[in-house]
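Note: the block below is model01.csv and it holds CSV, C-alpha atoms.
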chain,number,residue,atom,x,y,z
A,12,MET,CA,0.0,0.0,0.0
A,13,ALA,CA,1.4,3.4,-0.9
A,14,PRO,CA,2.8,5.3,2.1
A,15,LEU,CA,0.5,8.4,1.4
A,16,LEU,CA,-2.6,6.3,1.3
A,17,LEU,CA,-1.6,4.4,4.4
A,18,ARG,CA,-1.1,7.7,6.3
A,19,ARG,CA,-4.5,9.0,5.2
A,20,LEU,CA,-6.2,5.8,6.3
A,21,CYS,CA,-4.5,6.0,9.7
A,22,MET,CA,-5.6,9.6,10.1
A,23,LEU,CA,-9.2,8.7,9.1
A,24,SER,CA,-9.1,5.8,11.6
A,25,ALA,CA,-7.9,8.1,14.4
A,26,THR,CA,-10.6,10.7,13.6
A,27,LEU,CA,-13.4,8.1,13.6
A,28,SER,CA,-12.1,6.7,16.9
A,29,LEU,CA,-12.4,10.2,18.5
A,30,VAL,CA,-15.8,10.7,17.1
A,31,LEU,CA,-17.0,7.4,18.5
A,32,LEU,CA,-15.3,8.1,21.8
A,33,LEU,CA,-17.1,11.4,22.2
A,34,ALA,CA,-20.5,10.3,20.8
A,35,PRO,CA,-23.3,10.7,23.4
A,36,ASP,CA,-25.2,7.6,24.5
A,37,ALA,CA,-28.6,7.6,23.0
A,38,ASN,CA,-30.0,5.8,26.0
A,39,ALA,CA,-28.9,8.5,28.5
A,40,LYS,CA,-31.0,11.6,29.1
A,41,THR,CA,-28.0,13.7,29.9
A,42,THR,CA,-24.4,12.9,28.8
A,43,LEU,CA,-21.6,15.0,30.0
A,44,ARG,CA,-18.1,14.6,28.6
A,45,PHE,CA,-15.2,15.8,30.7
A,46,GLY,CA,-11.4,15.7,30.1
A,47,THR,CA,-8.5,15.7,32.4
A,48,LEU,CA,-4.7,15.2,32.3
A,49,ALA,CA,-4.9,13.2,35.6
A,50,PRO,CA,-4.4,9.4,35.4
A,51,LYS,CA,-7.4,7.4,36.6
A,52,ASN,CA,-5.4,5.8,39.4
A,53,SER,CA,-4.0,9.1,40.7
A,54,THR,CA,-5.4,11.0,43.7
A,55,TRP,CA,-7.3,13.4,41.5
A,56,GLY,CA,-8.5,10.6,39.2
A,57,LYS,CA,-10.0,8.8,42.2
A,58,VAL,CA,-11.8,12.1,43.2
A,59,PHE,CA,-13.3,12.4,39.7
A,60,ASP,CA,-14.4,8.8,39.7
A,61,ALA,CA,-16.0,9.2,43.1
A,62,PHE,CA,-17.8,12.2,41.8
A,63,ARG,CA,-19.0,10.3,38.7
A,64,ARG,CA,-20.3,7.4,40.8
A,65,ALA,CA,-22.0,9.8,43.2
A,66,MET,CA,-23.7,11.7,40.4
A,67,ASP,CA,-24.9,8.5,38.8
A,68,LYS,CA,-26.4,7.3,42.1
A,69,LYS,CA,-27.9,10.7,43.0
A,70,SER,CA,-29.5,11.2,39.6
A,71,SER,CA,-30.7,7.5,39.4
A,72,GLY,CA,-28.8,7.1,36.2
A,73,GLU,CA,-30.2,10.2,34.5
A,74,VAL,CA,-26.7,11.7,34.1
A,75,ASP,CA,-24.0,9.8,32.2
A,76,LEU,CA,-20.8,11.6,33.3
A,77,ARG,CA,-17.9,10.4,31.1
A,78,ILE,CA,-14.5,11.3,32.3
A,79,TYR,CA,-11.5,10.9,29.9
A,80,TYR,CA,-8.4,10.5,31.9
A,81,ASN,CA,-4.6,10.8,31.2
A,82,GLY,CA,-4.8,13.4,28.5
A,83,VAL,CA,-6.6,11.1,26.1
A,84,LEU,CA,-8.4,14.2,24.7
A,85,GLY,CA,-5.1,16.0,24.2
A,86,SER,CA,-3.2,18.8,26.1
A,87,GLU,CA,-5.0,21.4,28.1
A,88,ALA,CA,-4.8,23.8,25.2
A,89,SER,CA,-6.5,21.1,23.1
A,90,MET,CA,-9.2,20.5,25.7
A,91,ALA,CA,-9.8,24.3,25.9
A,92,GLY,CA,-10.3,24.3,22.2
A,93,LYS,CA,-12.7,21.4,22.4
A,94,LEU,CA,-14.7,23.2,25.1
A,95,ARG,CA,-15.0,26.2,22.8
A,96,SER,CA,-16.2,24.2,19.9
A,97,GLY,CA,-18.6,22.0,21.9
A,98,GLN,CA,-16.8,18.7,21.3
A,99,ILE,CA,-16.7,18.2,25.1
A,100,ASP,CA,-18.8,19.6,27.9
A,101,GLY,CA,-16.2,20.2,30.6
A,102,ALA,CA,-12.7,19.7,31.8
A,103,THR,CA,-10.6,19.9,34.9
A,104,LEU,CA,-7.7,22.3,34.1
A,105,SER,CA,-4.7,23.7,35.9
A,106,ILE,CA,-4.3,27.4,36.1
A,107,LEU,CA,-2.2,27.2,32.8
A,108,GLY,CA,-5.2,25.5,31.1
A,109,LEU,CA,-7.6,28.1,32.4
A,110,ALA,CA,-5.3,30.8,30.9
A,111,HIS,CA,-6.5,29.8,27.5
A,112,PHE,CA,-9.8,31.6,28.4
A,113,ASP,CA,-8.1,34.5,30.2
A,114,LYS,CA,-4.4,34.6,30.6
A,115,THR,CA,-4.5,37.0,33.6
A,116,VAL,CA,-5.9,34.2,35.8
A,117,MET,CA,-2.3,33.1,36.3
A,118,VAL,CA,-1.7,36.1,38.6
A,119,MET,CA,-3.4,34.1,41.3
A,120,THR,CA,-0.3,31.8,41.4
A,121,LEU,CA,2.5,34.3,40.9
A,122,PRO,CA,5.7,32.5,42.1
A,123,TRP,CA,7.4,34.0,45.2
A,124,LEU,CA,4.3,36.0,46.0
A,125,VAL,CA,1.7,33.2,46.3
A,126,ASP,CA,3.8,30.5,48.0
A,127,SER,CA,1.5,29.1,50.7
A,128,TRP,CA,-2.0,27.8,51.0
A,129,ASP,CA,-2.9,30.7,53.3
A,130,LYS,CA,-1.9,33.1,50.5
A,131,VAL,CA,-3.8,31.1,47.9
A,132,ASP,CA,-6.9,31.3,50.0
A,133,ARG,CA,-6.7,35.0,50.3
A,134,VAL,CA,-6.0,35.7,46.6
A,135,ARG,CA,-8.6,33.2,45.4
A,136,ALA,CA,-11.3,34.6,47.7
A,137,ASP,CA,-10.6,38.1,46.4
A,138,LEU,CA,-9.9,37.5,42.7
A,139,GLY,CA,-11.8,34.2,42.0
A,140,PRO,CA,-15.2,35.8,41.6
A,141,GLN,CA,-13.8,38.3,39.2
A,142,PHE,CA,-12.4,35.6,37.0
A,143,GLU,CA,-15.6,33.5,37.2
A,144,LYS,CA,-17.4,36.5,35.7
A,145,GLU,CA,-14.8,36.8,32.9
A,146,PHE,CA,-15.1,33.1,32.1
A,147,LYS,CA,-18.9,33.2,32.1
A,148,ALA,CA,-18.9,36.0,29.6
A,149,LYS,CA,-16.9,33.7,27.4
A,150,GLY,CA,-19.4,30.8,27.8
A,151,ILE,CA,-17.4,28.9,30.5
A,152,LYS,CA,-18.8,28.3,34.0
A,153,VAL,CA,-16.4,27.5,36.9
A,154,LEU,CA,-17.9,24.6,38.8
A,155,GLY,CA,-15.3,24.9,41.5
A,156,TRP,CA,-11.7,25.8,42.2
A,157,GLY,CA,-9.3,23.0,43.2
A,158,ASP,CA,-5.8,22.5,44.7
A,159,ILE,CA,-2.9,20.6,43.1
A,160,GLY,CA,0.0,21.2,45.5
A,161,LEU,CA,2.8,23.4,46.7
A,162,ILE,CA,5.5,23.8,44.0
A,163,TYR,CA,9.1,23.0,44.9
A,164,GLY,CA,12.3,23.0,42.8
A,165,PHE,CA,13.7,19.5,41.9
A,166,THR,CA,17.0,18.8,40.4
A,167,ARG,CA,19.2,15.9,39.4
A,168,GLY,CA,23.0,15.8,40.1
A,169,HIS,CA,23.2,19.4,41.4
A,170,ALA,CA,22.1,21.7,44.2
A,171,VAL,CA,20.6,25.1,43.5
A,172,ARG,CA,21.2,27.6,46.3
A,173,VAL,CA,21.7,30.8,44.2
A,174,PRO,CA,20.5,31.6,40.7
A,175,GLY,CA,24.0,31.1,39.3
A,176,ASP,CA,23.9,27.5,40.2
A,177,LEU,CA,21.5,26.9,37.3
A,178,ARG,CA,24.2,27.9,34.7
A,179,GLY,CA,24.9,25.0,32.3
A,180,HIS,CA,21.7,23.1,33.3
A,181,THR,CA,18.5,22.4,31.4
A,182,PRO,CA,15.3,23.3,33.4
A,183,MET,CA,11.9,22.3,32.1
A,184,VAL,CA,9.5,25.2,31.5
A,185,LEU,CA,5.8,24.6,30.9
A,186,ARG,CA,4.9,25.6,27.4
A,187,GLY,CA,2.9,28.9,27.4
A,188,GLU,CA,3.8,29.7,31.0
A,189,PRO,CA,5.5,33.1,31.0
A,190,VAL,CA,7.1,33.3,34.4
A,191,GLY,CA,9.6,30.5,34.0
A,192,SER,CA,10.8,31.8,30.6
A,193,ALA,CA,11.2,35.3,32.0
A,194,PHE,CA,13.1,34.0,35.0
A,195,PHE,CA,15.6,31.8,33.1
A,196,GLU,CA,16.3,34.5,30.6
A,197,GLN,CA,17.9,36.5,33.4
A,198,ILE,CA,20.5,33.8,34.1
A,199,PRO,CA,23.3,33.4,31.4
A,200,GLY,CA,24.1,29.8,30.4
A,201,VAL,CA,20.7,28.3,31.2
A,202,ARG,CA,19.0,26.2,28.5
A,203,PRO,CA,15.3,25.9,29.3
A,204,VAL,CA,13.3,23.2,27.6
A,205,PRO,CA,9.6,24.0,26.9
A,206,ALA,CA,7.3,21.0,27.4
A,207,GLU,CA,3.8,19.8,28.2
A,208,PRO,CA,3.2,18.2,31.6
A,209,MET,CA,2.7,14.8,30.0
A,210,ASP,CA,6.2,15.0,28.3
A,211,ILE,CA,8.1,15.4,31.6
A,212,LEU,CA,8.6,11.7,32.4
A,213,ASN,CA,10.2,11.0,29.0
A,214,LEU,CA,12.3,14.1,29.2
A,215,LEU,CA,13.6,13.0,32.6
A,216,ARG,CA,14.3,9.5,31.4
A,217,ALA,CA,16.2,10.8,28.4
A,218,ARG,CA,18.1,13.2,30.6
A,219,THR,CA,16.9,16.0,28.4
A,220,VAL,CA,16.1,18.1,31.5
A,221,ASP,CA,17.7,18.0,34.9
A,222,THR,CA,15.6,20.7,36.7
A,223,ILE,CA,11.9,20.9,37.2
A,224,SER,CA,9.4,22.8,39.4
A,225,ALA,CA,6.4,20.8,40.5
A,226,PRO,CA,4.1,19.8,43.5
A,227,ALA,CA,5.5,16.9,45.5
A,228,LEU,CA,2.3,14.9,45.1
A,229,VAL,CA,2.3,15.3,41.3
A,230,ALA,CA,6.0,14.5,41.1
A,231,GLU,CA,5.5,11.3,43.1
A,232,GLN,CA,2.3,10.1,41.5
A,233,LEU,CA,3.5,10.7,37.9
A,234,GLN,CA,6.8,8.8,38.7
A,235,TRP,CA,9.2,11.7,38.3
A,236,ILE,CA,10.9,11.2,41.7
A,237,PRO,CA,13.3,8.3,40.7
A,238,PHE,CA,15.0,10.6,38.2
A,239,LEU,CA,15.7,13.4,40.7
A,240,ASP,CA,17.8,13.7,43.8
A,241,HIS,CA,17.6,17.3,45.2
A,242,VAL,CA,14.5,19.2,46.4
A,243,SER,CA,14.2,22.8,47.6
A,244,GLY,CA,13.5,23.4,51.3
A,245,GLN,CA,10.9,26.1,50.6
A,246,PRO,CA,7.9,26.2,48.2
A,247,ILE,CA,8.2,28.5,45.2
A,248,ALA,CA,4.5,28.8,44.4
A,249,CYS,CA,1.2,27.0,44.5
A,250,ALA,CA,-0.5,25.0,41.8
A,251,ILE,CA,-4.2,25.3,41.6
A,252,GLY,CA,-6.9,24.7,38.9
A,253,ALA,CA,-10.6,24.5,38.4
A,254,SER,CA,-13.3,22.3,37.0
A,255,VAL,CA,-15.2,24.1,34.3
A,256,ILE,CA,-18.2,23.4,32.0
A,257,ARG,CA,-19.7,25.0,29.0
A,258,GLN,CA,-22.5,27.4,30.1
A,259,GLU,CA,-24.6,26.2,27.1
A,260,THR,CA,-24.4,22.7,28.5
A,261,MET,CA,-25.6,23.9,31.9
A,262,ASP,CA,-28.4,25.9,30.3
A,263,ASN,CA,-29.6,22.8,28.4
A,264,MET,CA,-29.7,20.6,31.4
A,265,PRO,CA,-33.1,20.0,33.1
A,266,ALA,CA,-33.4,22.4,36.1
A,267,ASP,CA,-33.4,19.6,38.7
A,268,LEU,CA,-30.3,17.9,37.3
A,269,ARG,CA,-28.5,21.2,36.9
A,270,ALA,CA,-29.1,22.1,40.5
A,271,MET,CA,-28.1,18.6,41.6
A,272,PHE,CA,-24.9,18.7,39.5
A,273,LEU,CA,-23.8,22.1,40.8
A,274,ASP,CA,-24.5,21.2,44.4
A,275,LEU,CA,-22.6,17.9,44.3
A,276,SER,CA,-19.6,19.4,42.4
A,277,GLN,CA,-19.2,22.2,44.9
A,278,ARG,CA,-19.6,19.9,47.9
A,279,VAL,CA,-17.0,17.4,46.5
A,280,GLY,CA,-14.6,20.3,45.7
A,281,ARG,CA,-14.8,21.6,49.3
A,282,SER,CA,-14.4,18.2,50.9
A,283,GLN,CA,-11.3,17.4,48.8
A,284,SER,CA,-9.4,20.6,49.4
A,285,LYS,CA,-8.0,19.6,52.9
A,286,ARG,CA,-7.4,16.1,51.7
A,287,ILE,CA,-5.3,17.2,48.7
A,288,ARG,CA,-3.3,19.6,50.8
A,289,GLN,CA,-2.6,16.9,53.4
A,290,LEU,CA,-1.6,14.3,50.8
A,291,ASP,CA,0.7,16.8,49.2
A,292,LEU,CA,2.4,17.5,52.5
A,293,GLU,CA,2.8,13.8,53.2
A,294,ALA,CA,4.3,13.3,49.7
A,295,TYR,CA,6.9,16.1,50.4
A,296,GLU,CA,7.8,14.6,53.7
A,297,ARG,CA,8.5,11.2,52.0
A,298,ILE,CA,10.5,12.9,49.3
A,299,LYS,CA,12.7,14.7,51.8
A,300,ARG,CA,13.7,11.4,53.3
A,301,ARG,CA,15.1,10.2,50.1
A,302,MET,CA,16.5,13.4,48.6
A,303,THR,CA,19.0,16.1,49.6
A,304,VAL,CA,17.0,19.0,50.9
A,305,VAL,CA,18.4,22.4,49.7
A,306,SER,CA,17.7,25.3,52.0
A,307,VAL,CA,19.1,28.8,51.5
A,308,THR,CA,20.8,31.2,53.8
A,309,PRO,CA,19.5,34.8,54.3
A,310,ALA,CA,22.4,36.0,52.1
A,311,GLU,CA,21.5,33.5,49.3
A,312,ARG,CA,17.8,34.4,49.6
A,313,LYS,CA,18.7,38.0,48.8
A,314,GLN,CA,20.1,36.9,45.5
A,315,TRP,CA,16.8,35.3,44.6
A,316,GLU,CA,14.8,38.3,45.8
A,317,LYS,CA,16.9,40.6,43.5
A,318,LEU,CA,16.2,38.4,40.5
A,319,VAL,CA,12.6,38.1,41.4
A,320,ARG,CA,12.1,41.8,41.5
A,321,VAL,CA,13.5,42.0,37.9
A,322,VAL,CA,11.2,39.3,36.7
A,323,LEU,CA,8.1,40.7,38.4
A,324,LYS,CA,8.8,44.1,36.9
A,325,ARG,CA,9.0,42.6,33.5
A,326,LEU,CA,5.8,40.8,33.9
A,327,ALA,CA,4.1,44.0,35.0
A,328,ASN,CA,5.2,45.7,31.8
A,329,GLY,CA,2.7,44.0,29.4
A,330,VAL,CA,2.3,40.3,30.4
A,331,TYR,CA,-0.1,40.9,33.3
A,332,PRO,CA,-2.0,44.0,34.4
A,333,ARG,CA,0.1,45.9,36.9
A,334,ASP,CA,-2.9,46.8,39.1
A,335,MET,CA,-3.8,43.1,39.4
A,336,MET,CA,-0.2,42.2,40.3
A,337,GLU,CA,-0.2,44.9,42.9
A,338,ARG,CA,-3.4,43.5,44.3
A,339,VAL,CA,-1.8,40.1,44.6
A,340,ALA,CA,1.2,41.6,46.3
A,341,THR,CA,-1.0,43.4,48.8
A,342,LEU,CA,-3.1,40.3,49.5
A,343,THR,CA,0.1,38.3,50.2
A,344,ASP,CA,1.8,40.9,52.3
A,345,ASN,CA,4.6,41.4,49.8
A,346,LYS,CA,6.2,44.8,49.1
A,347,VAL,CA,7.2,44.9,45.5
A,348,GLU,CA,9.0,47.8,43.7
A,349,TRP,CA,7.6,47.9,40.2

Translate this file's structure into structure tokens.
Amino acid sequence: MAPLLLRRLCMLSATLSLVLLLAPDANAKTTLRFGTLAPKNSTWGKVFDAFRRAMDKKSSGEVDLRIYYNGVLGSEASMAGKLRSGQIDGATLSILGLAHFDKTVMVMTLPWLVDSWDKVDRVRADLGPQFEKEFKAKGIKVLGWGDIGLIYGFTRGHAVRVPGDLRGHTPMVLRGEPVGSAFFEQIPGVRPVPAEPMDILNLLRARTVDTISAPALVAEQLQWIPFLDHVSGQPIACAIGASVIRQETMDNMPADLRAMFLDLSQRVGRSQSKRIRQLDLEAYERIKRRMTVVSVTPAERKQWEKLVRVVLKRLANGVYPRDMMERVATLTDNKVEW
């Protein structure tokens, strides 16, 4: 068979498979299709599955909630596109995925400013409703905000105590995330590698990257830990996200099922917040026992603070609205010179 014809047949087969995968069940009154990067057997996957089973029971089978795990529907950018086009009804996205609807949402997790759960709670309570309105105007409803974990620096074969220790190394930066790129550009000799979250394990295995920033629970459950041997003693930032659904999907649901779905999703979200934070803390404690913990002295910290001021000033000049960054700094008790 000619190579061109074979490729076309493969593409057609893949397209048909996706169509069948996303096709609604004619026997179900309400079919909801949700995507997530989380593996089904991960902590987050188990939460989603518990929600699915609870919804099935509470609605007496009236709602067929289909959750597609492990990035089977593509990257977060791809899922955001499918939400816009109506190919799927909802998704659970990280803050980076939510940025495809409004990039300024990422100010809620500004590194070095929002670096504890207490600060996340303050910032999210203040700015969350504003972003919910912005998303709703674009046809996306936030079902509930969720936590992923505190972000730490991880390395292989080297300790990072001051910015200069990164020279000659290859840190991973999440594709589309502006802070990491702006940060590493300030340090000569650093070779950042842009990647999607699902690429990280292969990059670590191939030794393409030797430095990452991630929550402890994520790094542990996605099996990145065996390829790393140093961890920072302080968190850099917090990783959060949200479950979202198309407003059109909500509007088309029968009123009783819509109320039931919203109530259950919010209750599950609230009940899981403390659990995720505790599991993330426990993961970090386990990691500390097997890795070298790198803590910085007051003098070393000043070097980081100097670099951070440069990066934040750059972000305030066009990447994020300065007034919103100032609001985050105030909410987190940080004094920043812009």

Shell around region 119-122 of chain A at 8 Å using all atoms listed in the file, local window under 4 positions removed, as an mmCIF file with C-alpha atoms, in the frame of the given file:
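File written: result.cif
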data_model
loop_
_atom_site.group_PDB
_atom_site.id
_atom_site.type_symbol
_atom_site.label_atom_id
_atom_site.label_comp_id
_atom_site.auth_asym_id
_atom_site.auth_seq_id
_atom_site.Cartn_x
_atom_site.Cartn_y
_atom_site.Cartn_z
ATOM 1 C CA ILE A 106 -4.300 27.400 36.100
ATOM 2 C CA ASP A 126 3.800 30.500 48.000
ATOM 3 C CA VAL A 131 -3.800 31.100 47.900
ATOM 4 C CA VAL A 134 -6.000 35.700 46.600
ATOM 5 C CA ARG A 135 -8.600 33.200 45.400
ATOM 6 C CA LEU A 138 -9.900 37.500 42.700
ATOM 7 C CA VAL A 190 7.100 33.300 34.400
ATOM 8 C CA ILE A 247 8.200 28.500 45.200
ATOM 9 C CA ALA A 248 4.500 28.800 44.400
ATOM 10 C CA CYS A 249 1.200 27.000 44.500
ATOM 11 C CA ALA A 250 -0.500 25.000 41.800
ATOM 12 C CA ILE A 251 -4.200 25.300 41.600
ATOM 13 C CA VAL A 339 -1.800 40.100 44.600
#

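Counting all atoms listed in the file, the residue from A:Gly72, A:Pro203, A:Gly155, A:Gly187 that sits nearest to Ser86 (chain A) is A:Gly187.
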
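Within the 10 Å cut-off around region 211-221 of chain A, using all atoms listed in the file and omitting residues fewer than 3 positions from it on the same chain, the listed residues are A:Phe165, A:Thr166, A:Arg167, A:Gly168, A:His169, A:Leu177, A:His180, A:Thr181, A:Pro182, A:Met183, A:Val184, A:Leu185, A:Arg202, A:Pro203, A:Val204, A:Pro205, A:Ala206, A:Glu207, A:Pro208, A:Ala230, A:Leu233, A:Gln234, A:Trp235, A:Ile236, A:Pro237, A:Phe238, A:Leu239, A:Asp240.
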
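Using all atoms listed in the file, the shortest contact distance between Ser284 (chain A) and any of A:Gly244, A:Gly179, A:Pro174, A:Gly160 is found at A:Gly160.
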
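Minimum atom-to-atom distances from A:Ala102, A:Leu124, A:Ala227, A:Ala49 to Asn345 (chain A) were compared using all atoms listed in the file, and the lowest value belongs to A:Leu124.
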
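Take CA of Lys299 (chain A) and CA of Glu311 (chain A): the distance between them is 20.9 Å.
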
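CA of Ser254 (chain A) is positioned 12.8 Å from CA of Gly56 (chain A).
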
Can I get a file of region 50-103 of chain A from the given structure, C-alpha atoms kept, as a PDB file, in the first residue's frame?
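Written file, decode_29.pdb:
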ATOM      1  CA  PRO A  50      -4.363   9.416  35.374  1.00  0.00           C
ATOM      2  CA  LYS A  51      -7.380   7.434  36.564  1.00  0.00           C
ATOM      3  CA  ASN A  52      -5.447   5.821  39.422  1.00  0.00           C
ATOM      4  CA  SER A  53      -4.030   9.133  40.704  1.00  0.00           C
ATOM      5  CA  THR A  54      -5.405  10.982  43.715  1.00  0.00           C
ATOM      6  CA  TRP A  55      -7.260  13.410  41.453  1.00  0.00           C
ATOM      7  CA  GLY A  56      -8.488  10.604  39.203  1.00  0.00           C
ATOM      8  CA  LYS A  57     -10.003   8.843  42.200  1.00  0.00           C
ATOM      9  CA  VAL A  58     -11.761  12.062  43.209  1.00  0.00           C
ATOM     10  CA  PHE A  59     -13.252  12.434  39.730  1.00  0.00           C
ATOM     11  CA  ASP A  60     -14.365   8.809  39.654  1.00  0.00           C
ATOM     12  CA  ALA A  61     -15.989   9.159  43.086  1.00  0.00           C
ATOM     13  CA  PHE A  62     -17.844  12.216  41.815  1.00  0.00           C
ATOM     14  CA  ARG A  63     -18.966  10.326  38.720  1.00  0.00           C
ATOM     15  CA  ARG A  64     -20.328   7.448  40.789  1.00  0.00           C
ATOM     16  CA  ALA A  65     -22.030   9.816  43.232  1.00  0.00           C
ATOM     17  CA  MET A  66     -23.682  11.692  40.374  1.00  0.00           C
ATOM     18  CA  ASP A  67     -24.885   8.461  38.798  1.00  0.00           C
ATOM     19  CA  LYS A  68     -26.410   7.321  42.087  1.00  0.00           C
ATOM     20  CA  LYS A  69     -27.925  10.679  43.037  1.00  0.00           C
ATOM     21  CA  SER A  70     -29.501  11.168  39.604  1.00  0.00           C
ATOM     22  CA  SER A  71     -30.689   7.531  39.395  1.00  0.00           C
ATOM     23  CA  GLY A  72     -28.752   7.118  36.169  1.00  0.00           C
ATOM     24  CA  GLU A  73     -30.210  10.237  34.542  1.00  0.00           C
ATOM     25  CA  VAL A  74     -26.706  11.737  34.119  1.00  0.00           C
ATOM     26  CA  ASP A  75     -24.022   9.828  32.213  1.00  0.00           C
ATOM     27  CA  LEU A  76     -20.818  11.559  33.300  1.00  0.00           C
ATOM     28  CA  ARG A  77     -17.945  10.389  31.103  1.00  0.00           C
ATOM     29  CA  ILE A  78     -14.456  11.305  32.269  1.00  0.00           C
ATOM     30  CA  TYR A  79     -11.539  10.899  29.853  1.00  0.00           C
ATOM     31  CA  TYR A  80      -8.351  10.546  31.888  1.00  0.00           C
ATOM     32  CA  ASN A  81      -4.626  10.772  31.248  1.00  0.00           C
ATOM     33  CA  GLY A  82      -4.788  13.435  28.528  1.00  0.00           C
ATOM     34  CA  VAL A  83      -6.623  11.127  26.123  1.00  0.00           C
ATOM     35  CA  LEU A  84      -8.363  14.235  24.723  1.00  0.00           C
ATOM     36  CA  GLY A  85      -5.061  16.027  24.247  1.00  0.00           C
ATOM     37  CA  SER A  86      -3.206  18.790  26.065  1.00  0.00           C
ATOM     38  CA  GLU A  87      -4.961  21.403  28.148  1.00  0.00           C
ATOM     39  CA  ALA A  88      -4.784  23.757  25.173  1.00  0.00           C
ATOM     40  CA  SER A  89      -6.514  21.092  23.085  1.00  0.00           C
ATOM     41  CA  MET A  90      -9.199  20.549  25.712  1.00  0.00           C
ATOM     42  CA  ALA A  91      -9.805  24.298  25.919  1.00  0.00           C
ATOM     43  CA  GLY A  92     -10.326  24.297  22.155  1.00  0.00           C
ATOM     44  CA  LYS A  93     -12.738  21.366  22.391  1.00  0.00           C
ATOM     45  CA  LEU A  94     -14.692  23.222  25.055  1.00  0.00           C
ATOM     46  CA  ARG A  95     -15.029  26.248  22.817  1.00  0.00           C
ATOM     47  CA  SER A  96     -16.187  24.163  19.873  1.00  0.00           C
ATOM     48  CA  GLY A  97     -18.588  22.038  21.924  1.00  0.00           C
ATOM     49  CA  GLN A  98     -16.777  18.745  21.312  1.00  0.00           C
ATOM     50  CA  ILE A  99     -16.655  18.225  25.080  1.00  0.00           C
ATOM     51  CA  ASP A 100     -18.771  19.632  27.884  1.00  0.00           C
ATOM     52  CA  GLY A 101     -16.228  20.209  30.603  1.00  0.00           C
ATOM     53  CA  ALA A 102     -12.692  19.735  31.834  1.00  0.00           C
ATOM     54  CA  THR A 103     -10.567  19.919  34.914  1.00  0.00           C
TER      55      THR A 103
END
